[in-house]
Structure formats: structure tokens, C-alpha cells
file query_12.txt (compact mmCIF, C-alpha atoms and all ligand atoms)
# COMPACT_ATOMS: atom_id res chain seq x y z
CA MET A 1 -15.49 -63.21 -85.15
CA PRO A 2 -17.47 -62.31 -88.29
CA MET A 3 -17.10 -58.81 -89.64
CA PRO A 4 -20.30 -56.69 -89.37
CA PRO A 5 -21.87 -56.27 -92.84
CA ASP A 6 -21.45 -52.47 -92.90
CA GLU A 7 -17.83 -52.53 -91.74
CA PRO A 8 -15.62 -50.53 -94.16
CA LYS A 9 -13.18 -52.85 -95.92
CA SER A 10 -10.93 -50.61 -98.02
CA PRO A 11 -9.04 -47.37 -97.26
CA GLU A 12 -11.57 -45.50 -99.41
CA GLN A 13 -14.49 -46.97 -97.46
CA VAL A 14 -12.80 -46.11 -94.15
CA GLN A 15 -12.37 -42.52 -95.36
CA GLN A 16 -16.06 -42.35 -96.34
CA TRP A 17 -17.07 -43.81 -92.96
CA ILE A 18 -15.03 -41.19 -91.08
CA GLU A 19 -16.45 -38.36 -93.20
CA LYS A 20 -20.05 -39.53 -92.73
CA HIS A 21 -19.76 -39.81 -88.96
CA ALA A 22 -17.73 -36.61 -88.58
CA ARG A 23 -20.40 -34.67 -90.51
CA GLU A 24 -23.20 -36.04 -88.32
CA HIS A 25 -21.76 -34.06 -85.39
CA ASP A 26 -20.54 -31.05 -87.34
CA ARG A 27 -22.24 -27.78 -86.34
CA PHE A 28 -21.26 -26.28 -89.73
CA ALA A 29 -22.24 -29.30 -91.84
CA HIS A 30 -24.89 -27.17 -93.57
CA VAL A 31 -22.10 -24.89 -94.83
CA ALA A 32 -19.94 -27.83 -95.94
CA ALA A 33 -22.96 -29.21 -97.79
CA LYS A 34 -23.01 -26.19 -100.11
CA TYR A 35 -19.60 -26.75 -101.69
CA ALA A 36 -20.52 -29.36 -104.30
CA GLY A 37 -23.38 -27.23 -105.65
CA HIS A 38 -21.09 -24.21 -105.75
CA ARG A 39 -18.42 -26.07 -107.74
CA ALA A 40 -21.05 -27.15 -110.26
CA THR A 41 -22.39 -23.63 -110.84
CA HIS A 42 -19.11 -21.71 -110.57
CA GLY A 43 -17.17 -24.25 -112.60
CA CYS A 44 -14.26 -24.27 -110.16
CA TYR A 45 -12.63 -27.44 -108.88
CA ASP A 46 -10.43 -26.37 -106.00
CA VAL A 47 -12.86 -25.45 -103.26
CA TYR A 48 -13.93 -28.19 -100.87
CA PRO A 49 -14.21 -28.51 -97.11
CA TYR A 50 -12.02 -31.01 -95.29
CA PRO A 51 -13.94 -33.17 -92.78
CA ASN A 52 -11.80 -31.83 -89.92
CA GLY A 53 -13.77 -28.81 -88.75
CA SER A 54 -14.21 -29.92 -85.16
CA LEU A 55 -10.48 -30.68 -84.96
CA LEU A 56 -9.71 -27.12 -86.12
CA GLY A 57 -12.09 -25.77 -83.50
CA THR A 58 -10.40 -27.89 -80.85
CA LEU A 59 -6.96 -26.63 -81.93
CA ALA A 60 -8.13 -23.02 -81.63
CA ALA A 61 -9.57 -23.70 -78.18
CA THR A 62 -6.66 -25.68 -76.76
CA HIS A 63 -4.08 -23.17 -78.06
CA ARG A 64 -6.19 -20.33 -76.65
CA ALA A 65 -5.58 -18.73 -80.03
CA GLN A 66 -6.62 -15.07 -80.10
CA ARG A 67 -5.43 -14.35 -83.64
CA ILE A 68 -5.60 -16.99 -86.37
CA LEU A 69 -4.40 -16.82 -89.96
CA GLU A 70 -5.65 -19.03 -92.80
CA VAL A 71 -4.52 -19.21 -96.42
CA GLY A 72 -7.40 -20.33 -98.66
CA CYS A 73 -10.72 -19.23 -97.15
CA GLY A 74 -12.85 -21.11 -99.67
CA LEU A 75 -16.50 -20.73 -98.74
CA GLY A 76 -15.60 -20.23 -95.10
CA TYR A 77 -16.11 -23.62 -93.46
CA SER A 78 -12.75 -23.89 -91.70
CA ALA A 79 -12.69 -20.21 -90.66
CA LEU A 80 -16.11 -20.69 -89.03
CA TRP A 81 -14.77 -23.58 -87.00
CA PHE A 82 -11.66 -21.64 -85.94
CA ALA A 83 -13.74 -18.67 -84.81
CA TYR A 84 -16.30 -20.84 -83.02
CA GLY A 85 -13.64 -22.99 -81.34
CA GLY A 86 -11.51 -20.05 -80.27
CA GLY A 87 -14.45 -18.35 -78.62
CA PRO A 88 -15.51 -14.71 -78.28
CA GLY A 89 -11.97 -13.27 -78.02
CA THR A 90 -10.68 -14.93 -81.18
CA VAL A 91 -10.27 -13.16 -84.52
CA VAL A 92 -9.65 -15.09 -87.76
CA GLU A 93 -8.05 -13.56 -90.87
CA SER A 94 -8.39 -15.67 -94.00
CA ILE A 95 -6.66 -15.02 -97.33
CA GLU A 96 -8.66 -15.79 -100.49
CA ARG A 97 -7.74 -15.16 -104.12
CA ASP A 98 -11.17 -15.78 -105.67
CA PRO A 99 -13.60 -12.84 -105.19
CA GLU A 100 -16.68 -15.05 -105.57
CA HIS A 101 -15.48 -17.44 -102.88
CA ALA A 102 -14.67 -14.49 -100.62
CA ALA A 103 -18.16 -13.01 -101.07
CA ILE A 104 -19.90 -16.32 -100.31
CA ALA A 105 -17.68 -16.89 -97.27
CA ILE A 106 -18.52 -13.42 -95.91
CA ASP A 107 -22.23 -14.21 -96.29
CA HIS A 108 -21.69 -17.44 -94.34
CA PHE A 109 -19.84 -15.61 -91.57
CA LYS A 110 -22.66 -13.10 -91.19
CA ALA A 111 -25.34 -15.79 -91.28
CA GLU A 112 -23.60 -17.66 -88.46
CA GLY A 113 -23.23 -14.52 -86.35
CA LEU A 114 -19.44 -14.58 -86.71
CA GLY A 115 -19.04 -11.79 -89.26
CA GLU A 116 -17.42 -9.47 -86.74
CA ARG A 117 -14.67 -11.95 -85.91
CA ILE A 118 -13.69 -13.32 -89.33
CA LYS A 119 -12.04 -11.05 -91.86
CA VAL A 120 -11.27 -12.02 -95.46
CA LEU A 121 -8.01 -10.70 -96.86
CA ALA A 122 -8.52 -10.56 -100.63
CA GLY A 123 -5.67 -11.66 -102.88
CA LEU A 124 -3.05 -14.32 -103.45
CA GLY A 125 -1.27 -15.68 -100.43
CA ALA A 126 2.09 -14.74 -101.94
CA THR A 127 0.94 -11.12 -102.25
CA VAL A 128 -0.92 -10.74 -98.97
CA LEU A 129 1.41 -12.64 -96.63
CA PRO A 130 4.32 -10.14 -96.85
CA THR A 131 1.96 -7.28 -95.92
CA LEU A 132 0.83 -8.83 -92.61
CA LYS A 133 1.90 -7.25 -89.34
CA ASP A 134 2.56 -8.65 -85.89
CA THR A 135 2.16 -12.26 -84.88
CA TYR A 136 -0.51 -14.95 -85.06
CA ASP A 137 -1.17 -17.69 -82.53
CA LEU A 138 -2.14 -20.25 -85.17
CA ALA A 139 -1.66 -20.44 -88.93
CA TYR A 140 -3.46 -22.88 -91.22
CA ASN A 141 -2.62 -23.69 -94.80
CA PRO A 142 -4.61 -26.69 -96.02
CA PRO A 143 -2.66 -29.29 -98.02
CA ALA A 144 -2.02 -28.90 -101.75
CA TYR A 145 -0.89 -25.31 -101.88
C1 LIG B 201 -9.62 -26.37 -100.67
S1 LIG B 201 -10.30 -24.72 -100.66
C2 LIG B 201 -9.96 -24.14 -99.05
C3 LIG B 201 -10.88 -24.74 -98.08
C4 LIG B 201 -11.23 -23.78 -96.98
N1 LIG B 201 -10.23 -23.81 -95.95
C5 LIG B 201 -12.63 -24.10 -96.53
O1 LIG B 201 -12.80 -24.68 -95.46
O2 LIG B 201 -13.53 -23.80 -97.30
C6 LIG B 201 -9.11 -23.79 -101.58
C7 LIG B 201 -9.38 -22.27 -101.59
O3 LIG B 201 -8.13 -21.60 -101.53
C8 LIG B 201 -8.08 -20.62 -102.53
N2 LIG B 201 -6.67 -20.53 -102.91
C9 LIG B 201 -5.91 -21.47 -103.53
N3 LIG B 201 -4.65 -21.05 -103.68
C10 LIG B 201 -4.60 -19.81 -103.11
C11 LIG B 201 -3.56 -18.85 -102.94
N4 LIG B 201 -2.33 -19.12 -103.38
N5 LIG B 201 -3.84 -17.69 -102.32
C12 LIG B 201 -5.10 -17.44 -101.86
N6 LIG B 201 -6.14 -18.29 -102.00
C13 LIG B 201 -5.89 -19.47 -102.61
C14 LIG B 201 -9.01 -21.11 -103.62
O4 LIG B 201 -9.52 -20.05 -104.40
C15 LIG B 201 -10.09 -21.81 -102.83
O5 LIG B 201 -11.12 -20.94 -102.48
ZN ZN B 202 -15.80 -21.53 -106.94

call {"tool": "encode", "arguments": {"input": "query_12.txt", "output": "C-alpha cells"}}
result
Amino acid sequence: MPMPPDEPKSPEQVQQWIEKHAREHDRFAHVAAKYAGHRATHGCYDVYPYPNGSLLGTLAATHRAQRILEVGCGLGYSALWFAYGGGPGTVVESIERDPEHAAIAIDHFKAEGLGERIKVLAGLGATVLPTLKDTYDLAYNPPAY
């Protein structure tokens, strides 16, 4: 059987195909779309959204997670998905070391109507983590740190 002309043929092309189709059904794609422009103006390199937002939302929902912790808030994409997926009773706390990223993320949370349920904890993970009290239902630390 001949391969369709637009069939991805390399691992990189498969990755691009997955990202494209995942974003088409991503309710926070407009937030994810802002990251590249931010990196260009801020001059940072380490803030980018993974194309797994709906999976994070599903994890929050299926775990019935009421309290979620994230290390590395970035511009808020993944925290939005956790809060949305968890539903009205879910609170997300997200640690972020860069004040500019934290401020942009907070604006995103407010704009999406989720500002009351997502809190940014300012500082380095290594500093903030030992100060946290009680337990979390879900903790997320994206790869690479
Ligand atoms: C790849 S982005 C995180 C993506 C984020 N989950 C999102 O969806 O936008 C990395 C972020 O983690 C922050 N970061 C990296 N190392 C950190 C650390 N040790 N403590 C706190 N924040 C950290 C960076 O400043 C950056 O904003
Ligand atoms: Zn930045």
C-alpha cells in the first residue's frame, strides 16, 4: 500500500505531526502560542510549553486531584490545564524563579478566569520546596530540571 504523501517519515516529523494535531484541540493553545514571542523579547531560552496540556488536565481529573504542585510555572500553560482539568475544587500551586515569567503567568490565569485557583510561589524550587506544608495529590516537574 503506498504511503500517503503527507505521512510523517522521520521521528522529527512524527513529533511535529503530534504537536500540530494536539494544538488543534488545545483549549489553551492561544497561551502556548505566546511563548516563542516571549523568548525573543525577554532573551530567555528555557520557557516553552510541552504539547501535553490535555494529558495534564486528564491526569488532574482522573486523580480527582484537589491540590496540585508544579515546579517551573513558565508562562502558565500547564498550570492552566491542571486547574481546568481538576475542576472547580482544584487548587494549583506553581513554583517559578523568574519574576517576569511569574507576572505573565498570573495575567494568563486571571484572563482565563482561573486566577483564584492558581497560585504562583516565587523562588527557586530548592528554596520553596522545603517550606511547603501538608500533602499534594499530584506533583509535576517537567523534564530537564
Ligand atoms: C520549560 S518552562 C516550564 C513550562 C511550564 N510548565 C509551562 O507550561 O509554561 C521552565 C520554567 O521553569 C522555571 N525554572 C527552571 N528551573 C527552576 C527552578 N529550579 N525553580 C523554579 N523555577 C524554575 C524557568 O524560569 C521557566 O519559567
Ligand atoms: Zn522569559

call {"tool": "atom_distance", "arguments": {"input": "query_12.txt", "atom1": "atom C9 of ligand LIG 201 (chain B)", "atom2": "CA of Val120 in chain A"}}
result
13.5 Å

call {"tool": "residues_near_ligand", "arguments": {"input": "query_12.txt", "ligand": "ligand LIG 201 (chain B)", "cutoff": "10 Å", "atoms": "only C-alpha atoms and all ligand atoms", "output": "count of residues only"}}
result
50

call {"tool": "closest_residue", "arguments": {"input": "query_12.txt", "among": "A:His25, A:Lys9, A:Lys34, A:Arg39", "to": "ligand ZN 202 (chain B)", "atoms": "only C-alpha atoms and all ligand atoms"}}
result
A:Arg39

call {"tool": "closest_residue", "arguments": {"input": "query_12.txt", "among": "A:Met3, A:Ile104, A:Ala60, A:Ala22", "to": "His42 in chain A", "atoms": "only C-alpha atoms"}}
result
A:Ile104

call {"tool": "closest_residue", "arguments": {"input": "query_12.txt", "among": "A:Ala103, A:Leu138, A:Leu55, A:Ala61", "to": "ligand ZN 202 (chain B)", "atoms": "all atoms listed in the file"}}
result
A:Ala103

call {"tool": "closest_residue", "arguments": {"input": "query_12.txt", "among": "A:Pro130, A:Leu69, A:Ser54, A:Thr62", "to": "Glu24 in chain A", "atoms": "only C-alpha atoms"}}
result
A:Ser54

call {"tool": "atom_distance", "arguments": {"input": "query_12.txt", "atom1": "CA of Pro11 in chain A", "atom2": "CA of Gly37 in chain A"}}
result
26.1 Å

call {"tool": "residues_around", "arguments": {"input": "query_12.txt", "residues": "Arg64 in chain A", "least_positions_apart": "6", "cutoff": "9 Å", "atoms": "only C-alpha atoms", "output": "PyMOL selection string"}}
result
chain A and resi 86-87+90+137

call {"tool": "write_last_selection", "arguments": {"input": "query_12.txt", "atoms": "C-alpha atoms", "output": "short mmCIF file (atom, residue, chain, number, x, y, z; two decimals), in the coordinates of the input"}}
result
data_model
loop_
_atom_site.label_atom_id
_atom_site.label_comp_id
_atom_site.auth_asym_id
_atom_site.auth_seq_id
_atom_site.Cartn_x
_atom_site.Cartn_y
_atom_site.Cartn_z
CA GLY A 86 -11.51 -20.05 -80.27
CA GLY A 87 -14.45 -18.35 -78.62
CA THR A 90 -10.68 -14.93 -81.18
CA ASP A 137 -1.17 -17.69 -82.53
#

call {"tool": "closest_residue", "arguments": {"input": "query_12.txt", "among": "A:His38, A:His21, A:Lys133, A:Arg27", "to": "ligand ZN 202 (chain B)", "atoms": "all atoms listed in the file"}}
result
A:His38

call {"tool": "atom_distance", "arguments": {"input": "query_12.txt", "atom1": "CA of Ile106 in chain A", "atom2": "CA of Ile68 in chain A"}}
result
16.5 Å

call {"tool": "closest_residue", "arguments": {"input": "query_12.txt", "among": "A:Gly113, A:Ala40, A:Lys20, A:Pro4", "to": "ligand ZN 202 (chain B)", "atoms": "all atoms listed in the file"}}
result
A:Ala40

call {"tool": "decode", "arguments": {"input": "query_12.txt", "residues": "range 36-47 of chain A", "atoms": "all heavy atoms", "output": "mmCIF file, in the first residue's frame"}}
result
data_model
loop_
_atom_site.group_PDB
_atom_site.id
_atom_site.type_symbol
_atom_site.label_atom_id
_atom_site.label_comp_id
_atom_site.auth_asym_id
_atom_site.auth_seq_id
_atom_site.Cartn_x
_atom_site.Cartn_y
_atom_site.Cartn_z
ATOM 1 N N ALA A 36 6.993 31.685 22.092
ATOM 2 C CA ALA A 36 8.120 31.993 21.190
ATOM 3 C C ALA A 36 8.379 33.499 21.159
ATOM 4 O O ALA A 36 9.538 33.945 21.217
ATOM 5 C CB ALA A 36 7.823 31.459 19.795
ATOM 6 N N GLY A 37 7.313 34.289 21.076
ATOM 7 C CA GLY A 37 7.468 35.741 21.079
ATOM 8 C C GLY A 37 8.070 36.233 22.387
ATOM 9 O O GLY A 37 8.905 37.137 22.403
ATOM 10 N N HIS A 38 7.646 35.606 23.486
ATOM 11 C CA HIS A 38 8.213 35.990 24.783
ATOM 12 C C HIS A 38 9.709 35.710 24.826
ATOM 13 O O HIS A 38 10.493 36.567 25.256
ATOM 14 C CB HIS A 38 7.525 35.249 25.935
ATOM 15 C CG HIS A 38 8.295 35.393 27.204
ATOM 16 N ND1 HIS A 38 8.207 36.502 28.009
ATOM 17 C CD2 HIS A 38 9.262 34.605 27.758
ATOM 18 C CE1 HIS A 38 9.057 36.387 29.008
ATOM 19 N NE2 HIS A 38 9.707 35.242 28.882
ATOM 20 N N ARG A 39 10.124 34.524 24.383
ATOM 21 C CA ARG A 39 11.561 34.188 24.421
ATOM 22 C C ARG A 39 12.362 35.210 23.616
ATOM 23 O O ARG A 39 13.448 35.622 24.027
ATOM 24 C CB ARG A 39 11.798 32.775 23.879
ATOM 25 C CG ARG A 39 11.346 31.672 24.818
ATOM 26 C CD ARG A 39 11.920 30.318 24.397
ATOM 27 N NE ARG A 39 11.551 29.946 23.048
ATOM 28 C CZ ARG A 39 10.421 29.312 22.713
ATOM 29 N NH1 ARG A 39 9.544 28.968 23.648
ATOM 30 N NH2 ARG A 39 10.163 29.005 21.450
ATOM 31 N N ALA A 40 11.812 35.618 22.487
ATOM 32 C CA ALA A 40 12.532 36.570 21.627
ATOM 33 C C ALA A 40 12.700 37.921 22.318
ATOM 34 O O ALA A 40 13.768 38.529 22.246
ATOM 35 C CB ALA A 40 11.793 36.738 20.304
ATOM 36 N N THR A 41 11.668 38.399 23.004
ATOM 37 C CA THR A 41 11.770 39.727 23.618
ATOM 38 C C THR A 41 12.497 39.670 24.965
ATOM 39 O O THR A 41 13.273 40.560 25.285
ATOM 40 C CB THR A 41 10.377 40.368 23.829
ATOM 41 O OG1 THR A 41 9.554 39.452 24.544
ATOM 42 C CG2 THR A 41 9.732 40.705 22.512
ATOM 43 N N HIS A 42 12.270 38.619 25.736
ATOM 44 C CA HIS A 42 12.894 38.522 27.061
ATOM 45 C C HIS A 42 14.343 38.055 26.959
ATOM 46 O O HIS A 42 15.151 38.318 27.833
ATOM 47 C CB HIS A 42 12.083 37.557 27.942
ATOM 48 C CG HIS A 42 12.490 37.539 29.380
ATOM 49 N ND1 HIS A 42 12.281 36.442 30.184
ATOM 50 C CD2 HIS A 42 13.072 38.481 30.173
ATOM 51 C CE1 HIS A 42 12.725 36.707 31.403
ATOM 52 N NE2 HIS A 42 13.207 37.935 31.431
ATOM 53 N N GLY A 43 14.639 37.341 25.896
ATOM 54 C CA GLY A 43 16.004 36.832 25.729
ATOM 55 C C GLY A 43 16.271 35.566 26.518
ATOM 56 O O GLY A 43 17.415 35.136 26.653
ATOM 57 N N CYS A 44 15.214 34.945 27.039
ATOM 58 C CA CYS A 44 15.415 33.688 27.768
ATOM 59 C C CYS A 44 15.294 32.520 26.787
ATOM 60 O O CYS A 44 14.829 32.690 25.658
ATOM 61 C CB CYS A 44 14.405 33.561 28.899
ATOM 62 S SG CYS A 44 12.696 33.521 28.333
ATOM 63 N N TYR A 45 15.718 31.358 27.228
ATOM 64 C CA TYR A 45 15.683 30.193 26.342
ATOM 65 C C TYR A 45 14.916 29.022 26.957
ATOM 66 O O TYR A 45 14.589 28.053 26.270
ATOM 67 C CB TYR A 45 17.121 29.719 26.044
ATOM 68 C CG TYR A 45 17.829 29.260 27.289
ATOM 69 C CD1 TYR A 45 17.772 27.928 27.683
ATOM 70 C CD2 TYR A 45 18.508 30.165 28.115
ATOM 71 C CE1 TYR A 45 18.384 27.511 28.855
ATOM 72 C CE2 TYR A 45 19.114 29.754 29.279
ATOM 73 C CZ TYR A 45 19.056 28.429 29.647
ATOM 74 O OH TYR A 45 19.630 28.027 30.816
ATOM 75 N N ASP A 46 14.639 29.106 28.256
ATOM 76 C CA ASP A 46 14.182 27.901 28.952
ATOM 77 C C ASP A 46 12.701 27.916 29.284
ATOM 78 O O ASP A 46 12.267 27.232 30.202
ATOM 79 C CB ASP A 46 15.006 27.675 30.224
ATOM 80 C CG ASP A 46 14.719 28.751 31.274
ATOM 81 O OD1 ASP A 46 14.180 29.808 30.897
ATOM 82 O OD2 ASP A 46 15.029 28.515 32.459
ATOM 83 N N VAL A 47 11.921 28.705 28.550
ATOM 84 C CA VAL A 47 10.483 28.642 28.823
ATOM 85 C C VAL A 47 9.758 28.255 27.548
ATOM 86 O O VAL A 47 9.850 28.926 26.522
ATOM 87 C CB VAL A 47 9.964 29.975 29.420
ATOM 88 C CG1 VAL A 47 9.994 31.122 28.452
ATOM 89 C CG2 VAL A 47 8.563 29.791 29.991
#
